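Data block for entry.cif (mmCIF, C-alpha atoms):
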data_final
loop_
_atom_site.label_atom_id
_atom_site.label_comp_id
_atom_site.auth_asym_id
_atom_site.auth_seq_id
_atom_site.Cartn_x
_atom_site.Cartn_y
_atom_site.Cartn_z
CA MET K 29 -5.05 19.45 44.50
CA ASN K 30 -1.60 18.52 43.30
CA LYS K 31 -2.66 16.88 40.06
CA ILE K 32 -4.81 17.51 36.99
CA HIS K 33 -7.48 15.25 35.57
CA LEU K 34 -6.85 14.31 31.92
CA GLY K 35 -10.06 12.33 31.46
CA ALA K 36 -11.12 8.75 31.83
CA VAL K 37 -9.62 5.71 30.17
CA SER K 38 -13.01 5.23 28.53
CA ASP K 39 -12.58 8.61 26.79
CA PHE K 40 -9.97 6.86 24.63
CA ASN K 41 -10.72 4.06 22.23
CA ASP K 42 -8.14 1.30 22.15
CA GLY K 43 -5.45 2.54 19.76
CA GLU K 44 -6.37 6.20 20.11
CA ALA K 45 -4.13 9.13 21.07
CA LYS K 46 -4.91 12.65 22.20
CA GLY K 47 -2.78 15.74 22.60
CA PHE K 48 -2.99 18.07 25.60
CA ASP K 49 -2.28 21.79 25.93
CA ILE K 50 -2.71 22.19 29.66
CA ASN K 51 -1.18 25.67 29.86
CA ASN K 52 -3.02 26.97 26.78
CA VAL K 53 0.16 27.78 24.90
CA GLY K 54 -1.64 27.23 21.59
CA ALA K 55 -0.11 23.85 20.78
CA ASP K 56 -0.19 20.46 22.46
CA THR K 57 2.84 19.80 24.60
CA PHE K 58 2.28 16.11 25.36
CA PHE K 59 0.04 13.28 24.28
CA VAL K 60 -1.59 10.22 25.81
CA VAL K 61 -2.06 6.90 23.99
CA ARG K 62 -4.30 4.00 24.93
CA LYS K 63 -3.09 0.52 24.04
CA GLY K 64 -5.39 -2.16 25.37
CA ASN K 65 -6.14 -1.05 28.88
CA GLU K 66 -2.80 0.66 29.37
CA MET K 67 -2.15 4.36 29.00
CA PHE K 68 1.15 5.88 27.90
CA ALA K 69 2.16 9.54 27.68
CA TYR K 70 5.03 11.30 25.90
CA VAL K 71 6.31 14.82 25.36
CA ASP K 72 5.19 16.00 21.90
CA ILE K 73 8.70 16.55 20.59
CA CYS K 74 10.40 14.30 18.06
CA PRO K 75 13.98 13.41 19.05
CA HIS K 76 15.12 13.93 15.42
CA TYR K 77 15.50 17.68 15.90
CA ASN K 78 14.35 17.87 19.53
CA ASP K 79 12.41 20.96 18.54
CA THR K 80 9.40 19.93 16.47
CA SER K 81 6.12 18.22 17.28
CA LEU K 82 4.95 14.92 15.83
CA PRO K 83 1.44 15.02 14.31
CA TRP K 84 0.31 16.38 10.94
CA LYS K 85 -3.03 17.25 12.48
CA ARG K 86 -4.14 17.51 16.09
CA HIS K 87 -4.29 14.08 17.80
CA MET K 88 -2.87 12.25 14.74
CA TYR K 89 -0.05 10.54 16.60
CA LEU K 90 -0.56 6.97 15.42
CA ASP K 91 -0.30 5.10 12.15
CA ASN K 92 -3.39 3.86 10.37
CA GLN K 93 -3.35 0.52 12.19
CA SER K 94 -2.56 2.10 15.58
CA GLN K 95 0.54 -0.05 15.79
CA HIS K 96 3.09 2.74 16.22
CA ILE K 97 3.46 6.36 17.18
CA VAL K 98 4.44 8.34 14.05
CA CYS K 99 6.27 11.59 13.52
CA ALA K 100 4.71 13.07 10.39
CA ALA K 101 7.70 15.25 9.52
CA HIS K 102 9.84 12.37 8.25
CA GLY K 103 7.88 9.23 9.03
CA ALA K 104 9.67 8.04 12.17
CA LEU K 105 7.93 5.13 13.92
CA PHE K 106 8.01 4.67 17.69
CA ASP K 107 6.97 1.83 19.96
CA ILE K 108 3.82 2.83 21.84
CA GLU K 109 4.87 1.20 25.10
CA ASP K 110 8.37 2.60 25.52
CA GLY K 111 8.68 5.35 22.89
CA TYR K 112 11.67 3.69 21.23
CA CYS K 113 12.24 4.74 17.61
CA LEU K 114 12.10 1.66 15.38
CA GLN K 115 12.38 3.38 12.00
CA GLY K 116 13.21 6.84 10.76
CA PRO K 117 15.71 9.63 11.34
CA CYS K 118 15.92 9.15 15.12
CA LEU K 119 16.36 5.37 14.97
CA GLY K 120 17.39 4.05 18.38
CA GLN K 121 16.38 7.18 20.28
CA THR K 122 13.28 7.47 22.42
CA LEU K 123 10.42 9.85 22.97
CA ARG K 124 10.49 11.40 26.44
CA LYS K 125 8.02 9.48 28.56
CA VAL K 126 5.69 11.48 30.81
CA PRO K 127 4.56 9.83 34.07
CA ILE K 128 0.79 9.71 34.41
CA GLU K 129 -1.43 7.90 36.89
CA VAL K 130 -4.55 5.85 36.29
CA SER K 131 -6.74 5.55 39.35
CA ALA K 132 -8.69 2.49 40.46
CA ASP K 133 -11.79 3.98 38.86
CA ASN K 134 -9.92 4.49 35.57
CA ASP K 135 -9.38 8.23 35.72
CA ILE K 136 -6.14 9.58 34.22
CA TRP K 137 -4.12 12.13 36.19
CA ILE K 138 -0.91 14.07 35.79
CA ARG K 139 0.92 15.62 38.73
CA LEU K 140 1.63 19.38 38.81
CA THR K 141 5.24 18.59 39.58
CA THR K 142 5.41 16.53 36.36
CA ILE K 143 3.97 19.43 34.36
CA GLU K 144 6.62 21.69 35.81
CA GLU K 145 9.45 19.18 35.44
CA PHE K 146 8.65 18.49 31.79
CA ASN K 147 7.67 22.09 30.99
CA LEU K 148 4.29 20.93 29.63
CA MET U 11 19.76 16.38 -21.85
CA ASN U 12 16.56 18.33 -22.00
CA ILE U 13 15.04 17.18 -18.73
CA ILE U 14 12.54 19.78 -17.58
CA GLY U 15 11.82 18.79 -14.01
CA PRO U 16 9.71 16.45 -11.91
CA ASP U 17 6.38 15.57 -13.52
CA LYS U 18 5.09 13.27 -10.82
CA LEU U 19 5.93 11.79 -7.43
CA ILE U 20 4.44 8.39 -6.69
CA PHE U 21 3.74 7.45 -3.08
CA GLY U 22 2.81 4.21 -1.36
CA VAL U 23 1.24 5.42 1.87
CA ASP U 24 -0.04 4.09 5.16
CA ASP U 25 -3.32 6.05 5.24
CA VAL U 26 -4.63 6.58 1.70
CA GLU U 27 -7.71 8.57 2.65
CA ALA U 28 -5.75 10.92 4.92
CA CYS U 29 -3.29 11.58 2.10
CA ARG U 30 -6.07 12.12 -0.43
CA GLN U 31 -7.76 14.66 1.86
CA PHE U 32 -4.42 16.34 2.54
CA ALA U 33 -3.78 16.67 -1.22
CA ARG U 34 -7.24 18.17 -1.76
CA ASP U 35 -6.79 20.63 1.09
CA TYR U 36 -3.32 21.54 -0.19
CA GLY U 37 -5.07 22.67 -3.36
CA LEU U 38 -4.36 19.93 -5.87
CA ALA U 39 -7.09 18.75 -8.23
CA GLU U 40 -8.16 15.11 -8.31
CA GLN U 41 -7.46 13.38 -11.60
CA GLY U 42 -8.67 9.82 -11.93
CA GLU U 43 -8.48 7.34 -9.10
CA HIS U 44 -4.97 7.99 -7.80
CA SER U 45 -3.64 11.32 -9.08
CA PHE U 46 -3.72 14.87 -7.76
CA VAL U 47 -2.46 17.56 -10.09
CA ALA U 48 -1.41 21.19 -10.29
CA LEU U 49 -2.57 23.61 -12.97
CA ASP U 50 -0.02 22.39 -15.51
CA GLY U 51 -0.75 18.68 -15.02
CA THR U 52 2.26 17.80 -12.85
CA GLY U 53 1.42 16.23 -9.52
CA ILE U 54 1.45 13.26 -7.21
CA GLU U 55 0.05 9.75 -7.27
CA VAL U 56 -1.31 8.31 -4.03
CA ARG U 57 -1.54 4.55 -3.61
CA SER U 58 -1.67 2.17 -0.71
CA ARG U 59 1.79 1.01 0.34
CA ASP U 60 0.85 -2.60 -0.49
CA ASP U 61 -0.32 -1.72 -4.02
CA GLU U 62 1.37 -4.29 -6.24
CA SER U 63 1.76 -1.84 -9.10
CA LEU U 64 4.30 0.17 -7.09
CA PRO U 65 8.06 -0.26 -7.35
CA ALA U 66 9.67 -1.79 -4.27
CA ALA U 67 10.08 0.48 -1.25
CA LEU U 68 13.44 1.62 0.05
CA ALA U 69 14.70 -0.28 3.09
CA SER U 70 14.21 2.90 5.13
CA GLY U 71 10.44 2.66 4.73
CA SER U 72 10.15 5.96 2.83
CA MET U 73 6.70 6.34 1.31
CA LEU U 74 8.12 7.93 -1.86
CA ARG U 75 8.29 5.06 -4.33
CA LYS U 76 9.15 6.78 -7.60
CA THR U 77 10.13 10.17 -9.01
CA VAL U 78 9.03 10.70 -12.61
CA TYR U 79 10.83 13.38 -14.61
CA GLY U 80 9.32 15.13 -17.60
CA VAL U 81 11.56 15.54 -20.64
CA ALA U 82 11.15 17.73 -23.71
CA ASP U 83 10.63 15.07 -26.36
CA GLN U 84 11.05 11.45 -27.43
CA ALA U 85 14.60 12.16 -28.58
CA THR U 86 15.57 13.11 -25.02
CA LEU U 87 13.91 9.98 -23.70
CA ASP U 88 15.89 7.89 -26.19
CA GLN U 89 19.06 9.69 -25.18
CA ILE U 90 18.54 8.93 -21.48
CA LYS U 91 17.76 5.30 -22.25
CA ALA U 92 20.89 4.93 -24.36
CA GLU U 93 23.03 6.58 -21.70
CA LEU U 94 21.79 4.56 -18.76
CA GLU U 95 21.26 1.13 -20.22
CA THR U 96 25.03 0.88 -20.55
CA ASP U 97 25.31 -0.04 -16.88
CA ARG U 98 21.82 -0.81 -15.54
CA ASP U 99 18.46 -2.26 -16.39
CA VAL U 100 16.19 0.28 -18.11
CA LYS U 101 12.57 -0.82 -18.40
CA VAL U 102 10.27 0.58 -21.07
CA LEU U 103 6.78 0.70 -19.56
CA GLU U 104 3.46 0.36 -21.39
CA ASP U 105 2.92 4.11 -21.45
CA GLY U 106 6.25 4.63 -23.25
CA SER U 107 8.06 5.98 -20.21
CA ILE U 108 11.28 4.42 -18.95
CA GLU U 109 12.11 3.27 -15.43
CA LEU U 110 15.45 2.69 -13.75
CA LEU U 111 17.33 3.01 -10.49
CA ASP U 112 19.69 5.89 -9.80
CA ASP U 113 23.03 5.21 -8.13
CA LEU U 114 21.50 5.54 -4.66
CA GLY U 115 18.59 3.18 -5.30
CA PHE U 116 15.80 5.71 -5.89
CA VAL U 117 13.39 4.59 -8.59
CA LEU U 118 13.25 7.12 -11.41
CA GLY U 119 10.88 7.40 -14.34
CA PHE U 120 11.28 9.55 -17.44
CA GLN U 121 8.48 10.50 -19.77
CA VAL U 122 7.72 13.09 -22.41
CA THR U 123 6.45 15.79 -20.11
CA VAL U 124 2.77 16.12 -19.30
CA ARG U 125 3.17 19.83 -18.58
CA LYS U 126 0.39 21.82 -20.24
CA ALA U 127 0.75 25.39 -21.39
CA VAL U 128 -1.49 27.27 -18.98
CA ASP U 129 -1.50 30.72 -17.48
CA LEU U 130 1.08 30.52 -14.71
CA ALA U 131 1.28 34.24 -14.10
CA ALA U 132 3.39 35.52 -11.23
CA GLU U 133 1.99 37.64 -8.45
CA ARG U 134 2.25 41.27 -9.47
CA VAL U 135 3.62 43.81 -7.03
CA ASN U 136 3.30 47.57 -7.32
CA SER U 137 6.03 49.94 -6.24
CA VAL U 138 6.44 53.69 -6.32
CA ALA U 139 7.88 53.61 -9.81
CA GLN U 140 6.11 50.61 -11.26
CA CYS U 141 2.40 49.78 -11.41
CA ASN U 142 2.77 46.12 -12.29
CA ARG U 143 -0.68 45.01 -11.20
CA GLY U 144 -2.56 47.63 -13.13
CA ILE U 145 -4.75 50.49 -12.09
CA ASN U 146 -7.74 49.51 -9.93
CA HIS U 147 -6.60 45.88 -9.53
CA VAL U 148 -6.60 44.94 -5.84
CA GLY U 149 -3.77 42.76 -4.62
CA VAL U 150 -5.47 40.55 -2.09
CA SER U 151 -8.89 39.43 -0.95
CA LYS U 152 -10.23 37.09 1.72
CA ASP U 153 -11.95 34.99 -0.93
CA HIS U 154 -8.89 34.44 -3.11
CA LYS U 155 -8.08 30.79 -3.72
CA PRO U 156 -4.35 30.16 -4.21
CA SER U 157 -3.47 28.19 -7.32
CA ILE U 158 -1.02 25.34 -7.19
CA GLN U 159 0.90 25.96 -10.39
CA THR U 160 3.47 23.23 -10.92
CA LEU U 161 5.52 20.56 -9.16
CA SER U 162 8.64 22.42 -8.08
CA HIS U 163 11.17 20.19 -6.40
CA VAL U 164 11.90 17.18 -4.27
CA VAL U 165 14.51 16.85 -1.54
CA TYR U 166 16.11 13.52 -0.73
CA PHE U 167 17.89 12.31 2.36
CA VAL U 168 20.83 10.38 0.91
CA PRO U 169 23.66 8.37 2.44
CA ASP U 170 26.20 9.64 -0.11
CA PRO U 171 25.51 13.11 -1.53
CA VAL U 172 28.76 13.11 -3.52
CA LYS U 173 27.75 9.94 -5.33
CA ALA U 174 24.25 11.30 -5.85
CA GLU U 175 25.50 14.58 -7.30
CA ALA U 176 27.88 12.75 -9.64
CA PHE U 177 25.08 10.58 -11.03
CA TYR U 178 22.71 13.46 -11.74
CA GLU U 179 25.48 15.65 -13.14
CA LYS U 180 27.42 13.17 -15.24
CA ARG U 181 24.62 10.87 -16.39
CA LEU U 182 21.64 13.22 -16.60
CA GLY U 183 23.17 16.65 -17.17
CA PHE U 184 21.96 18.36 -14.01
CA VAL U 185 23.82 21.50 -12.90
CA THR U 186 24.71 22.36 -9.32
CA THR U 187 23.54 25.89 -8.56
CA ASP U 188 24.55 26.21 -4.90
CA ARG U 189 25.78 23.95 -2.14
CA PHE U 190 25.62 23.53 1.62
CA THR U 191 29.10 22.47 2.68
CA GLY U 192 29.27 18.85 3.67
CA VAL U 193 25.51 18.47 3.30
CA GLY U 194 24.68 18.47 -0.39
CA PRO U 195 24.00 20.35 -3.60
CA PHE U 196 21.01 22.17 -5.05
CA MET U 197 20.61 20.96 -8.65
CA ARG U 198 18.59 21.84 -11.73
CA PRO U 199 18.24 19.86 -14.94
CA ALA U 200 19.16 21.47 -18.25
CA GLY U 201 15.56 22.09 -19.30
CA THR U 202 14.69 24.55 -16.56
CA GLN U 203 16.14 27.72 -15.13
CA ASP U 204 14.67 27.11 -11.67
CA HIS U 205 17.36 27.33 -8.99
CA HIS U 206 16.67 23.73 -8.04
CA THR U 207 14.34 20.87 -8.72
CA LEU U 208 16.44 18.60 -6.53
CA PHE U 209 18.38 19.00 -3.30
CA PHE U 210 20.32 16.34 -1.42
CA ILE U 211 20.86 16.20 2.33
CA GLY U 212 23.53 13.77 3.46
CA THR U 213 22.31 11.51 6.27
CA PRO U 214 22.94 8.08 7.76
CA PRO U 215 21.71 5.29 5.44
CA HIS U 216 18.67 4.46 7.58
CA MET U 217 17.20 7.89 6.73
CA GLN U 218 17.28 7.56 2.95
CA GLY U 219 14.06 8.88 1.45
CA CYS U 220 12.06 12.00 0.83
CA GLU U 221 12.66 14.95 3.14
CA HIS U 222 10.02 17.12 1.47
CA PHE U 223 8.43 18.04 -1.83
CA THR U 224 6.72 21.18 -3.00
CA PHE U 225 4.77 22.96 -5.70
CA HIS U 226 5.28 26.49 -6.98
CA LEU U 227 2.60 29.08 -6.27
CA SER U 228 2.28 32.46 -7.98
CA GLY U 229 3.98 34.47 -5.26
CA PRO U 230 4.39 35.13 -1.54
CA THR U 231 0.77 36.15 -1.04
CA ASP U 232 -0.45 32.80 -2.31
CA VAL U 233 2.08 31.00 -0.08
CA MET U 234 0.74 32.91 2.93
CA GLN U 235 -2.89 32.34 2.01
CA ALA U 236 -2.41 28.66 1.17
CA GLY U 237 -0.54 28.08 4.44
CA THR U 238 -3.16 29.97 6.41
CA ASN U 239 -5.85 27.82 4.82
CA MET U 240 -3.98 24.70 5.93
CA VAL U 241 -3.64 25.97 9.50
CA ASN U 242 -7.35 26.82 9.55
CA LYS U 243 -8.10 23.25 8.51
CA GLY U 244 -6.08 21.93 11.42
CA TYR U 245 -2.84 20.98 9.66
CA GLN U 246 0.35 21.58 11.59
CA SER U 247 3.12 23.83 10.36
CA PHE U 248 6.64 22.40 10.42
CA TRP U 249 8.71 25.38 9.30
CA GLY U 250 7.69 28.78 8.07
CA PRO U 251 6.52 30.94 6.58
CA GLY U 252 9.84 32.40 5.59
CA ARG U 253 12.18 33.00 2.68
CA HIS U 254 15.15 30.84 1.81
CA LEU U 255 18.49 32.38 0.87
CA PHE U 256 19.63 29.80 -1.69
CA GLY U 257 16.96 30.03 -4.38
CA SER U 258 15.23 33.01 -2.74
CA ASN U 259 12.01 31.03 -2.66
CA TRP U 260 9.35 31.83 -0.11
CA PHE U 261 8.44 28.73 1.88
CA TRP U 262 5.98 27.22 4.30
CA TYR U 263 6.34 23.55 5.25
CA PHE U 264 3.65 21.33 6.74
CA LYS U 265 3.92 17.90 8.27
CA SER U 266 1.89 15.41 6.28
CA PRO U 267 0.62 11.83 6.25
CA PHE U 268 3.03 11.19 3.33
CA GLY U 269 5.84 10.55 5.83
CA CYS U 270 7.61 13.73 4.77
CA ASN U 271 6.95 17.43 4.78
CA MET U 272 4.96 19.08 2.03
CA GLU U 273 5.85 22.65 1.24
CA PHE U 274 4.34 25.63 -0.57
CA ASP U 275 6.92 27.72 -2.43
CA ALA U 276 7.08 30.73 -4.72
CA ASP U 277 9.37 33.19 -6.46
CA MET U 278 12.42 30.99 -6.95
CA ASP U 279 15.56 32.45 -8.55
CA GLN U 280 16.20 31.58 -12.19
CA HIS U 281 19.66 30.75 -13.45
CA ASP U 282 21.48 29.97 -16.65
CA ASP U 283 24.89 28.50 -17.30
CA SER U 284 26.61 31.82 -16.56
CA TRP U 285 25.66 31.47 -12.87
CA THR U 286 28.51 30.88 -10.43
CA GLY U 287 27.42 28.61 -7.65
CA ARG U 288 27.75 29.61 -4.02
CA GLU U 289 28.63 27.54 -0.98
CA ALA U 290 27.74 28.04 2.67
CA MET U 291 27.49 26.12 5.89
CA MET U 292 23.98 24.81 6.52
CA GLY U 293 22.31 26.23 9.59
CA PRO U 294 19.61 28.64 10.70
CA ASP U 295 21.45 31.75 9.54
CA ASN U 296 22.08 30.45 6.02
CA SER U 297 18.82 28.56 5.55
CA GLN U 298 16.55 31.59 5.50
CA ALA U 299 16.60 35.36 5.26
CA PHE U 300 13.81 35.51 7.81
CA LEU U 301 11.41 33.16 9.56
CA LEU U 302 7.93 34.13 10.70
CA GLN U 303 5.45 32.40 12.96
CA TYR U 304 1.74 32.02 12.37
CA ARG U 305 -0.72 33.46 14.86
CA GLU U 306 -4.48 33.72 14.74
CA LYS U 307 -5.92 36.80 13.10
CA TRP U 308 -5.82 39.79 15.41
CA ALA U 309 -6.12 43.54 15.07
CA PRO U 310 -5.43 46.55 17.24
CA ALA U 311 -8.62 48.49 17.78
CA GLY U 312 -9.34 51.98 19.07
CA GLY U 313 -7.94 53.50 22.22
CA PRO U 314 -7.23 52.03 25.64
CA PRO U 315 -10.03 50.13 27.41
CA PRO U 316 -12.41 52.30 29.47
CA LYS U 317 -11.40 52.84 33.08
CA ALA U 318 -13.17 50.63 35.55
#
Render the structure in this file as structure tokens.
Amino acid sequence: MNKIHLGAVSDFNDGEAKGFDINNVGADTFFVVRKGNEMFAYVDICPHYNDTSLPWKRHMYLDNQSQHIVCAAHGALFDIEDGYCLQGPCLGQTLRKVPIEVSADNDIWIRLTTIEEFNL
Amino acid sequence: MNIIGPDKLIFGVDDVEACRQFARDYGLAEQGEHSFVALDGTGIEVRSRDDESLPAALASGSMLRKTVYGVADQATLDQIKAELETDRDVKVLEDGSIELLDDLGFVLGFQVTVRKAVDLAAERVNSVAQCNRGINHVGVSKDHKPSIQTLSHVVYFVPDPVKAEAFYEKRLGFVTTDRFTGVGPFMRPAGTQDHHTLFFIGTPPHMQGCEHFTFHLSGPTDVMQAGTNMVNKGYQSFWGPGRHLFGSNWFWYFKSPFGCNMEFDADMDQHDDSWTGREAMMGPDNSQAFLLQYREKWAPAGGPPPKA
């Protein structure tokens, strides 16, 4: 097996995000967001300092209306679909997008090579 | 001017219930529908960002909508009003407080302070020569609940720290205690000896807003216990625990739903007008004497494991 199962699309409500700690380092290293029927994944590091994670509590990556990804440290807002920072300290920068795959039967997978490449 | 320090920070937030729960878990007491207060009555006000009673938001989207300073008496309030209405609009609100914009566009309020005289004792530490805590008084327990004593300071991201410093110094009588070169000053108003109630960090204009705010606790043990309580409730540490160099305050910062970090601090240096300010480059080496990292409780136990 060259990839890891992250769950099913149906495990996420529309407008829900979840963090993942695949290597059990004690903190989530990336997160997956569902928007409609599309899934997006990003490294859990805010480009403001490139050294700190986004949420104030586990899985709290989105604003109250699930319109944007939020960094809780200083309130940066990011577009869910491309990770572009629309407001906040890192305006104009982007979250690092993580490639994931959604199979025909709506399972979500990440490749081992991606985990290694992104140090997740 | 006898300004004592921040009495209240007013926020217009995205997720009111998350912020209310965060404030409770931080250790503040609920007071009325919107306020959360420390032991002495200083605190924060949490409202929805579309609450029409709030002053307008900064263009940056910062959730901090107003900083309210406590002053010693009505005479000080009158003095501030007289000073600032020479070049800007100063509103007198129904509660008798005044409201105005500083030179950077932050909304400020001034009121006769709400600070109550309560027991804000410092943590007591024994040493070889001094038994400060008293005989048979234990220093720590698992059941101890840290007390949030008073609103300590607020830190602003500002596009022009020189202009900001000039306003608070020349118009409000704040004193610069120390400075990070090219970044900004630590300032205290005349009515307190705390190293700072205000610190500016120079940034691009789109960042203007609140970097963090914090309350004083009784000492480092309470900072550690309060922070540990937050971690155990699932909140995520941003920086700390550790001890700053400028101000000597112990710190532990947490990310928050207020769109800024919320810190616990304790044991800040006290200064008077004889203090000579210092200056240093901002960076890891000058920002803290040491920085620790939380880990789950663990203990060494007994000898090596039995041989298989």
Next on the checklist: Using only C-alpha atoms, which protein or nucleic acid residues come within 9 Å of Phe58 in chain K? Drop anything in the same chain fewer than 3 positions from it, and give the result as an NGL selection string.
Outcome noted: :K and (46-50 or 69-73 or 126 or 148)
Using only C-alpha atoms, find each residue in chain K having at least one atom no more than 12 Å away from chain U; report its shortest atom-to-atom pair and that distance in Å (one decimal), rows by chain then rising number, as CSV.
residue,atom,partner,partner_atom,distance
K:Val53,CA,U:Arg305,CA,11.6
K:Gly54,CA,U:Arg305,CA,9.2
K:Ala55,CA,U:Gln246,CA,9.5
K:Asp56,CA,U:Gln246,CA,10.9
K:Ile73,CA,U:Phe248,CA,11.9
K:Cys74,CA,U:Phe248,CA,11.8
K:His76,CA,U:Met217,CA,10.8
K:Tyr77,CA,U:Phe248,CA,11.4
K:Asp79,CA,U:Phe248,CA,10.1
K:Thr80,CA,U:Phe248,CA,7.1
K:Ser81,CA,U:Phe248,CA,8.0
K:Leu82,CA,U:Lys265,CA,8.2
K:Pro83,CA,U:Lys265,CA,7.1
K:Trp84,CA,U:Lys265,CA,4.7
K:Lys85,CA,U:Tyr245,CA,4.7
K:Arg86,CA,U:Gly244,CA,6.7
K:His87,CA,U:Gly244,CA,10.3
K:Met88,CA,U:Pro267,CA,9.2
K:Tyr89,CA,U:Pro267,CA,10.5
K:Leu90,CA,U:Pro267,CA,10.4
K:Asp91,CA,U:Asp24,CA,7.1
K:Asn92,CA,U:Asp25,CA,5.6
K:Gln93,CA,U:Asp24,CA,8.6
K:Ser94,CA,U:Asp24,CA,10.9
K:Gln95,CA,U:Asp24,CA,11.4
K:His96,CA,U:Asp24,CA,11.6
K:Val98,CA,U:Gly269,CA,8.6
K:Cys99,CA,U:Gly269,CA,7.8
K:Ala100,CA,U:Gly269,CA,5.3
K:Ala101,CA,U:Lys265,CA,4.8
K:His102,CA,U:Cys270,CA,4.4
K:Gly103,CA,U:Gly269,CA,4.0
K:Ala104,CA,U:Gly269,CA,7.8
K:Leu105,CA,U:Gly71,CA,9.8
K:Cys113,CA,U:His216,CA,11.9
K:Leu114,CA,U:Ser70,CA,10.5
K:Gln115,CA,U:Ser70,CA,7.1
K:Gly116,CA,U:Met217,CA,5.8
K:Pro117,CA,U:Met217,CA,5.1
K:Cys118,CA,U:Met217,CA,8.6
K:Leu119,CA,U:His216,CA,7.8
K:Gly120,CA,U:His216,CA,10.9
Checklist entry - When the PyMOL selection byres ((chain K and resi 110) around 9) is applied to the file above, which residues end up in the set, as a PyMOL selection string? => result chain K and resi 68+106-109+111-112+122-123+125
Next on the checklist: Going by the chain IDs and residue numbers used in this file, which residues fall under the PyMOL selection byres ((chain U and resi 114) around 8)? Write them as a ChimeraX atom specification.
Outcome noted: /U:111-113,115-116,168-170,173-174
Checklist entry - Which one of U:Glu62, U:Asp129, U:Asp283, U:Asp153 sits closest to Asp204 in chain U if you count only C-alpha atoms? => result U:Asp283
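Counting from CA of Tyr79 in chain U, the distance to CA of Gly250 in chain U is 27.6 Å.
Across the model, the gap from CA of Ala176 in chain U to CA of Gly212 in chain U is 13.8 Å.
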Item to check | the PyMOL selection byres ((chain U and resi 34-46) around 10) applied to the shown file, residues as number ranges by chain | outcome: U: 18-21, 26, 28-33, 47-49, 51-58, 155-160, 225, 236-237, 239-240, 243, 245, 264, 272-274
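Here CA of Asp105 in chain U and CA of Gly80 in chain U stand 13.3 Å from one another.
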Missing atoms in range 74-84 of chain K: fill them in up to N, CA, C and O atoms and send the result as a short mmCIF file (atom, residue, chain, number, x, y, z; two decimals), in the frame of the given file.
data_model
loop_
_atom_site.label_atom_id
_atom_site.label_comp_id
_atom_site.auth_asym_id
_atom_site.auth_seq_id
_atom_site.Cartn_x
_atom_site.Cartn_y
_atom_site.Cartn_z
N CYS K 74 9.69 15.39 18.71
CA CYS K 74 10.40 14.30 18.06
C CYS K 74 11.90 14.42 18.35
O CYS K 74 12.47 15.51 18.22
N PRO K 75 12.55 13.33 18.74
CA PRO K 75 13.98 13.41 19.05
C PRO K 75 14.87 13.69 17.83
O PRO K 75 16.06 13.95 18.01
N HIS K 76 14.31 13.65 16.61
CA HIS K 76 15.12 13.93 15.42
C HIS K 76 15.77 15.31 15.54
O HIS K 76 16.98 15.44 15.44
N TYR K 77 14.96 16.33 15.73
CA TYR K 77 15.50 17.68 15.90
C TYR K 77 15.37 18.19 17.34
O TYR K 77 15.87 19.26 17.65
N ASN K 78 14.63 17.45 18.16
CA ASN K 78 14.35 17.87 19.53
C ASN K 78 13.73 19.24 19.61
O ASN K 78 13.95 20.00 20.56
N ASP K 79 12.97 19.60 18.58
CA ASP K 79 12.41 20.96 18.54
C ASP K 79 11.08 21.02 17.81
O ASP K 79 10.51 22.09 17.69
N THR K 80 10.63 19.89 17.26
CA THR K 80 9.40 19.93 16.47
C THR K 80 8.44 18.85 16.95
O THR K 80 8.85 17.80 17.42
N SER K 81 7.15 19.14 16.80
CA SER K 81 6.12 18.22 17.28
C SER K 81 5.86 17.11 16.25
O SER K 81 6.35 17.17 15.12
N LEU K 82 5.08 16.13 16.65
CA LEU K 82 4.95 14.92 15.83
C LEU K 82 3.80 14.94 14.81
O LEU K 82 3.99 14.51 13.67
N PRO K 83 2.59 15.34 15.18
CA PRO K 83 1.44 15.02 14.31
C PRO K 83 1.27 15.99 13.15
O PRO K 83 1.69 17.15 13.22
N TRP K 84 0.63 15.50 12.07
CA TRP K 84 0.31 16.38 10.94
C TRP K 84 -0.99 17.11 11.18
O TRP K 84 -1.28 18.12 10.55
#
